[in-house]
Amino acid sequence: MKNSEVELNRRSASISKKLIFVLVAASFIGFLDATYLTAKYYFGGPIPCAILNGCEEVVTSKYSAIFGVPVSLLGTAYYLIVLVLSLAYLDLRNYRLVRFIARFTVLGLLASIWLLFAQIFILHSLCFYCVISAVSSSVLFVSGLFIIKSGINRS
Amino acid sequence: MSEENNLQNLTSKERYDLKKAETELVSKQHRRRLTRRVLFWTFALLIIVGAVLGMVKLSGTPPSNQTALLTDAVSSSDWSRGNQEAKVIFVEYSDFQCPACSAYYPLLKKLNEDFGGKIKFIYRHFPLRQIHKNAELAAHAAEAAGRQGKFWQMHDMLFENQNNWSGKSGSDAEDTFASYARSLNLDVERFNKDLDLKDIKEKVENDYQSGVRSQVNATPTFFLNGAKFENPRSYEELRSRIEQEVGVN
């Protein structure tokens, strides 16, 4: 038991600080983006239709909410969880935290793939804010891969 | 090894002092670490709360602050309802297939009920052909119904049923519009023929071009007595803006 704790600490030490900052930065950008869309959903009134953005198509489509909960709100919660856990890792240096984040980012990646798919093949229009979110969640996922990898290399 | 020897050489008083100093140092370090942690989390919390407030504020601000003016004056060729003699004139550039326009439709309808005696409402076409494939056809349908005196009835019907026709192919949408014409007791044969009328197409195109001249680039765009005003976020906001204008005139 004691040994595995030591091992976890050792793995934790092998994770580059830069990687954690990438996690913090990407989740913060995703958080800003999703919060903006959520605020728009609740307080912004209808988004006007314009030739040059597909957002009103996407944000008003039936894919934009699950059981009445806007997807952007789920996104806000997701990025906030990743952000707070990354900060908690900076504070506590517990390998379990960062391993959980790495696994958790799969969820964000899958959600992003589905939403991008719906935008491109079903709605035929892309929303700028959703693309930003897809990029952030991909960056999170890739960082997660590196974290797992540096943990495994160490053991 | 040598350290242990040193320790053994100390008197008990010295040993006590050393131990005390050590504990003090540890607790000092502990306190410092705690302070750093508290600062870290306070800072993080402030940033997160600040970000949320910033985004909420940002979501409420209109994208452009410049006020566009209505270049083409209201004329008898425009579709209007409300009080024809009213001093307050409300012009809407709209697209029957635009979801935001249909979201505003009940607000404007209520506005017409509440202020109908004090405002003249104008509807101008601004079909966003690039993104709404049936928008132009819908505009033609409203004009064709207008030829039989039922422009506004068709206008209401198109917005109320937007979901039923916006995804359809052109010919299916045409059939749907014909069924609306039937339910409005229009002469359906004439309605279908009028859909292709050059005058109607020109009318819609002229409306569109007048919108372009007035810097309309999204729908719906509203002009109140010739000045563009940002899309209200709620009926209350719309009503207070109108009340202000009615009060002045």
# chains A, B, ... in the order shown; residues from 1 in each chain; ligands from 1

call {"tool": "residues_around", "arguments": {"residues": "Thr76 in chain A", "least_positions_apart": "6", "cutoff": "9 Å", "atoms": "only C-alpha atoms", "output": "compact mmCIF listing (two decimals) with C-alpha atoms, in the first residue's frame"}}
result
# COMPACT_ATOMS: atom_id res chain seq x y z
CA GLY A 30 -13.41 26.05 -23.29
CA PHE A 31 -15.05 27.33 -20.13
CA LEU A 32 -15.17 30.93 -21.42
CA ASP A 33 -16.58 29.76 -24.74
CA ALA A 34 -19.28 27.52 -23.25
CA THR A 35 -20.22 30.12 -20.64
CA THR A 38 -24.92 29.50 -22.12

call {"tool": "residues_around", "arguments": {"residues": "Leu108 in chain B", "least_positions_apart": "5", "cutoff": "9 Å", "atoms": "only C-alpha atoms", "output": "list in words"}}
result
Glu113, Tyr235 and Leu238 of chain B

call {"tool": "select_by_dssp", "arguments": {"residues": "range 63-147 of chain A", "states": "strand (DSSP E)", "output": "list of chain:residue names"}}
result
A:Ala65, A:Ile66, A:Val69, A:Pro70

call {"tool": "interface_residues", "arguments": {"of": "chain B", "to": "chain A", "cutoff": "9 Å", "atoms": "only C-alpha atoms", "output": "VMD selection string"}}
result
chain B and resid 37 40 to 41 44 48 51 to 52 54 to 61 95 98 to 101 103 to 104 128 to 131 217 to 221 231 to 234

call {"tool": "write_last_selection", "arguments": {"atoms": "C-alpha atoms", "output": "PDB file, in the first residue's frame"}}
result
ATOM      1  CA  ARG B  37      -2.845  27.627  -0.908  1.00  0.00           C
ATOM      2  CA  PHE B  40      -4.038  30.295  -4.909  1.00  0.00           C
ATOM      3  CA  TRP B  41      -7.646  29.164  -4.555  1.00  0.00           C
ATOM      4  CA  ALA B  44      -8.618  30.968  -9.011  1.00  0.00           C
ATOM      5  CA  ILE B  48     -13.588  32.014 -12.602  1.00  0.00           C
ATOM      6  CA  ALA B  51     -14.940  35.129 -16.333  1.00  0.00           C
ATOM      7  CA  VAL B  52     -18.583  34.154 -15.840  1.00  0.00           C
ATOM      8  CA  GLY B  54     -17.629  38.940 -18.180  1.00  0.00           C
ATOM      9  CA  MET B  55     -19.238  36.411 -20.497  1.00  0.00           C
ATOM     10  CA  VAL B  56     -22.751  37.224 -19.266  1.00  0.00           C
ATOM     11  CA  LYS B  57     -22.088  40.896 -19.907  1.00  0.00           C
ATOM     12  CA  LEU B  58     -20.565  40.187 -23.306  1.00  0.00           C
ATOM     13  CA  SER B  59     -23.522  38.045 -24.360  1.00  0.00           C
ATOM     14  CA  GLY B  60     -25.857  40.974 -23.752  1.00  0.00           C
ATOM     15  CA  THR B  61     -23.986  43.606 -25.731  1.00  0.00           C
ATOM     16  CA  ASP B  95     -37.001  36.163 -43.390  1.00  0.00           C
ATOM     17  CA  CYS B  98     -35.148  32.403 -40.039  1.00  0.00           C
ATOM     18  CA  PRO B  99     -35.560  30.842 -36.572  1.00  0.00           C
ATOM     19  CA  ALA B 100     -34.820  34.148 -34.837  1.00  0.00           C
ATOM     20  CA  CYS B 101     -37.555  35.842 -36.886  1.00  0.00           C
ATOM     21  CA  ALA B 103     -38.875  33.646 -32.241  1.00  0.00           C
ATOM     22  CA  TYR B 104     -39.698  37.362 -32.505  1.00  0.00           C
ATOM     23  CA  LEU B 128     -31.259  34.956 -46.683  1.00  0.00           C
ATOM     24  CA  ARG B 129     -31.104  32.795 -49.788  1.00  0.00           C
ATOM     25  CA  GLN B 130     -27.591  31.536 -49.097  1.00  0.00           C
ATOM     26  CA  ILE B 131     -28.609  29.763 -45.914  1.00  0.00           C
ATOM     27  CA  ASN B 217     -27.003  42.041 -42.726  1.00  0.00           C
ATOM     28  CA  ALA B 218     -28.989  39.809 -40.418  1.00  0.00           C
ATOM     29  CA  THR B 219     -32.600  39.078 -39.687  1.00  0.00           C
ATOM     30  CA  PRO B 220     -34.706  40.262 -38.047  1.00  0.00           C
ATOM     31  CA  THR B 221     -33.553  43.876 -38.188  1.00  0.00           C
ATOM     32  CA  ASN B 231     -32.852  43.383 -31.188  1.00  0.00           C
ATOM     33  CA  PRO B 232     -34.530  43.398 -27.783  1.00  0.00           C
ATOM     34  CA  ARG B 233     -33.885  40.427 -25.541  1.00  0.00           C
ATOM     35  CA  SER B 234     -37.393  40.201 -24.173  1.00  0.00           C
TER      36      SER B 234
END

call {"tool": "select_by_dssp", "arguments": {"residues": "range 50-193 of chain B", "states": "alpha helix (DSSP H)", "output": "NGL selection string"}}
result
:B and (50-60 or 99-115 or 135-147 or 151-160 or 162-165 or 170-183 or 188-193)

call {"tool": "write_last_selection", "arguments": {"atoms": "C-alpha atoms", "output": "compact mmCIF listing (two decimals), in the first residue's frame"}}
result
# COMPACT_ATOMS: atom_id res chain seq x y z
CA GLY B 50 -14.91 37.21 -13.14
CA ALA B 51 -14.94 35.13 -16.33
CA VAL B 52 -18.58 34.15 -15.84
CA LEU B 53 -19.65 37.75 -15.19
CA GLY B 54 -17.63 38.94 -18.18
CA MET B 55 -19.24 36.41 -20.50
CA VAL B 56 -22.75 37.22 -19.27
CA LYS B 57 -22.09 40.90 -19.91
CA LEU B 58 -20.56 40.19 -23.31
CA SER B 59 -23.52 38.04 -24.36
CA GLY B 60 -25.86 40.97 -23.75
CA PRO B 99 -35.56 30.84 -36.57
CA ALA B 100 -34.82 34.15 -34.84
CA CYS B 101 -37.55 35.84 -36.89
CA SER B 102 -40.06 33.23 -35.83
CA ALA B 103 -38.87 33.65 -32.24
CA TYR B 104 -39.70 37.36 -32.51
CA TYR B 105 -43.00 36.76 -34.26
CA PRO B 106 -45.09 36.29 -31.06
CA LEU B 107 -43.42 39.34 -29.50
CA LEU B 108 -44.32 41.53 -32.46
CA LYS B 109 -47.81 40.08 -32.52
CA LYS B 110 -48.29 41.01 -28.89
CA LEU B 111 -46.81 44.43 -29.58
CA ASN B 112 -49.39 44.90 -32.33
CA GLU B 113 -52.16 43.93 -29.92
CA ASP B 114 -50.89 46.26 -27.19
CA PHE B 115 -49.87 49.23 -29.35
CA ALA B 135 -36.99 31.68 -47.70
CA GLU B 136 -37.47 33.35 -51.06
CA LEU B 137 -40.31 31.04 -52.07
CA ALA B 138 -42.01 31.77 -48.75
CA ALA B 139 -41.68 35.49 -49.43
CA HIS B 140 -43.27 34.96 -52.85
CA ALA B 141 -46.08 32.97 -51.21
CA ALA B 142 -46.82 35.80 -48.79
CA GLU B 143 -46.88 38.27 -51.70
CA ALA B 144 -49.13 35.97 -53.72
CA ALA B 145 -51.54 35.76 -50.78
CA GLY B 146 -51.27 39.53 -50.52
CA ARG B 147 -52.59 39.82 -54.08
CA PHE B 151 -50.68 38.99 -46.85
CA TRP B 152 -50.71 39.18 -43.04
CA GLN B 153 -52.71 35.98 -42.63
CA MET B 154 -50.13 34.14 -44.75
CA HIS B 155 -47.32 35.92 -42.87
CA ASP B 156 -48.71 34.59 -39.57
CA MET B 157 -49.24 31.12 -40.99
CA LEU B 158 -45.68 30.91 -42.36
CA PHE B 159 -44.13 31.85 -39.03
CA GLU B 160 -46.43 29.68 -36.97
CA GLN B 162 -42.01 27.37 -39.89
CA ASN B 163 -40.81 23.97 -38.66
CA ASN B 164 -43.22 22.19 -40.98
CA TRP B 165 -41.85 23.61 -44.22
CA GLY B 170 -38.65 23.37 -52.96
CA SER B 171 -41.57 21.57 -54.62
CA ASP B 172 -42.79 20.07 -51.34
CA ALA B 173 -42.66 23.48 -49.70
CA GLU B 174 -44.67 24.86 -52.62
CA ASP B 175 -47.35 22.21 -52.00
CA THR B 176 -47.40 23.12 -48.32
CA PHE B 177 -47.82 26.81 -49.14
CA ALA B 178 -50.67 25.92 -51.51
CA SER B 179 -52.35 24.05 -48.65
CA TYR B 180 -52.00 27.17 -46.47
CA ALA B 181 -53.57 29.19 -49.27
CA ARG B 182 -56.45 26.71 -49.33
CA SER B 183 -56.98 26.96 -45.61
CA VAL B 188 -55.35 28.28 -55.01
CA GLU B 189 -54.97 28.14 -58.77
CA ARG B 190 -54.37 31.86 -58.94
CA PHE B 191 -52.08 31.66 -55.92
CA ASN B 192 -49.91 29.03 -57.61
CA LYS B 193 -49.75 31.07 -60.79

call {"tool": "closest_residue", "arguments": {"among": "A:Ala134, A:Phe100, A:Ile66, A:Asn9", "to": "Phe117 in chain A", "atoms": "only C-alpha atoms"}}
result
A:Ala134

call {"tool": "residues_around", "arguments": {"residues": "range 116-127 of chain B", "least_positions_apart": "5", "cutoff": "7 Å", "atoms": "only C-alpha atoms", "output": "ChimeraX atom specification"}}
result
/B:78-84,86-95,135-136,139,204,207-208,211

call {"tool": "write_last_selection", "arguments": {"atoms": "C-alpha atoms", "output": "CSV table (one decimal), in the first residue's frame"}}
result
chain,number,residue,atom,x,y,z
B,78,ASP,CA,-45.1,48.3,-48.3
B,79,TRP,CA,-47.2,45.8,-46.4
B,80,SER,CA,-48.4,47.5,-43.2
B,81,ARG,CA,-50.8,46.9,-40.3
B,82,GLY,CA,-51.6,48.8,-37.1
B,83,ASN,CA,-52.7,52.4,-37.3
B,84,GLN,CA,-52.0,53.8,-40.8
B,86,ALA,CA,-49.6,56.6,-36.5
B,87,LYS,CA,-46.5,58.8,-36.0
B,88,VAL,CA,-44.5,55.9,-34.8
B,89,ILE,CA,-43.4,53.6,-37.6
B,90,PHE,CA,-41.9,50.2,-37.0
B,91,VAL,CA,-40.1,48.5,-39.9
B,92,GLU,CA,-39.0,44.9,-39.8
B,93,TYR,CA,-36.7,43.3,-42.3
B,94,SER,CA,-37.4,39.6,-41.9
B,95,ASP,CA,-37.0,36.2,-43.4
B,135,ALA,CA,-37.0,31.7,-47.7
B,136,GLU,CA,-37.5,33.3,-51.1
B,139,ALA,CA,-41.7,35.5,-49.4
B,204,VAL,CA,-39.1,40.8,-52.9
B,207,ASP,CA,-37.2,44.9,-50.5
B,208,TYR,CA,-33.9,42.9,-50.2
B,211,GLY,CA,-32.3,46.3,-46.8

call {"tool": "atom_distance", "arguments": {"atom1": "CA of Val135 in chain A", "atom2": "CA of Ile120 in chain A"}}
result
15.3 Å

call {"tool": "closest_residue", "arguments": {"among": "A:Leu97, A:Gln119, A:Ile152, A:Ala65", "to": "Glu7 in chain A", "atoms": "only C-alpha atoms"}}
result
A:Ile152

call {"tool": "residues_around", "arguments": {"residues": "range 17-22 of chain A", "least_positions_apart": "4", "cutoff": "12 Å", "atoms": "only C-alpha atoms", "output": "VMD selection string"}}
result
chain A and resid 12 to 13 26 to 30 82 to 91 93 95 97 to 99 101 to 102 136 to 150
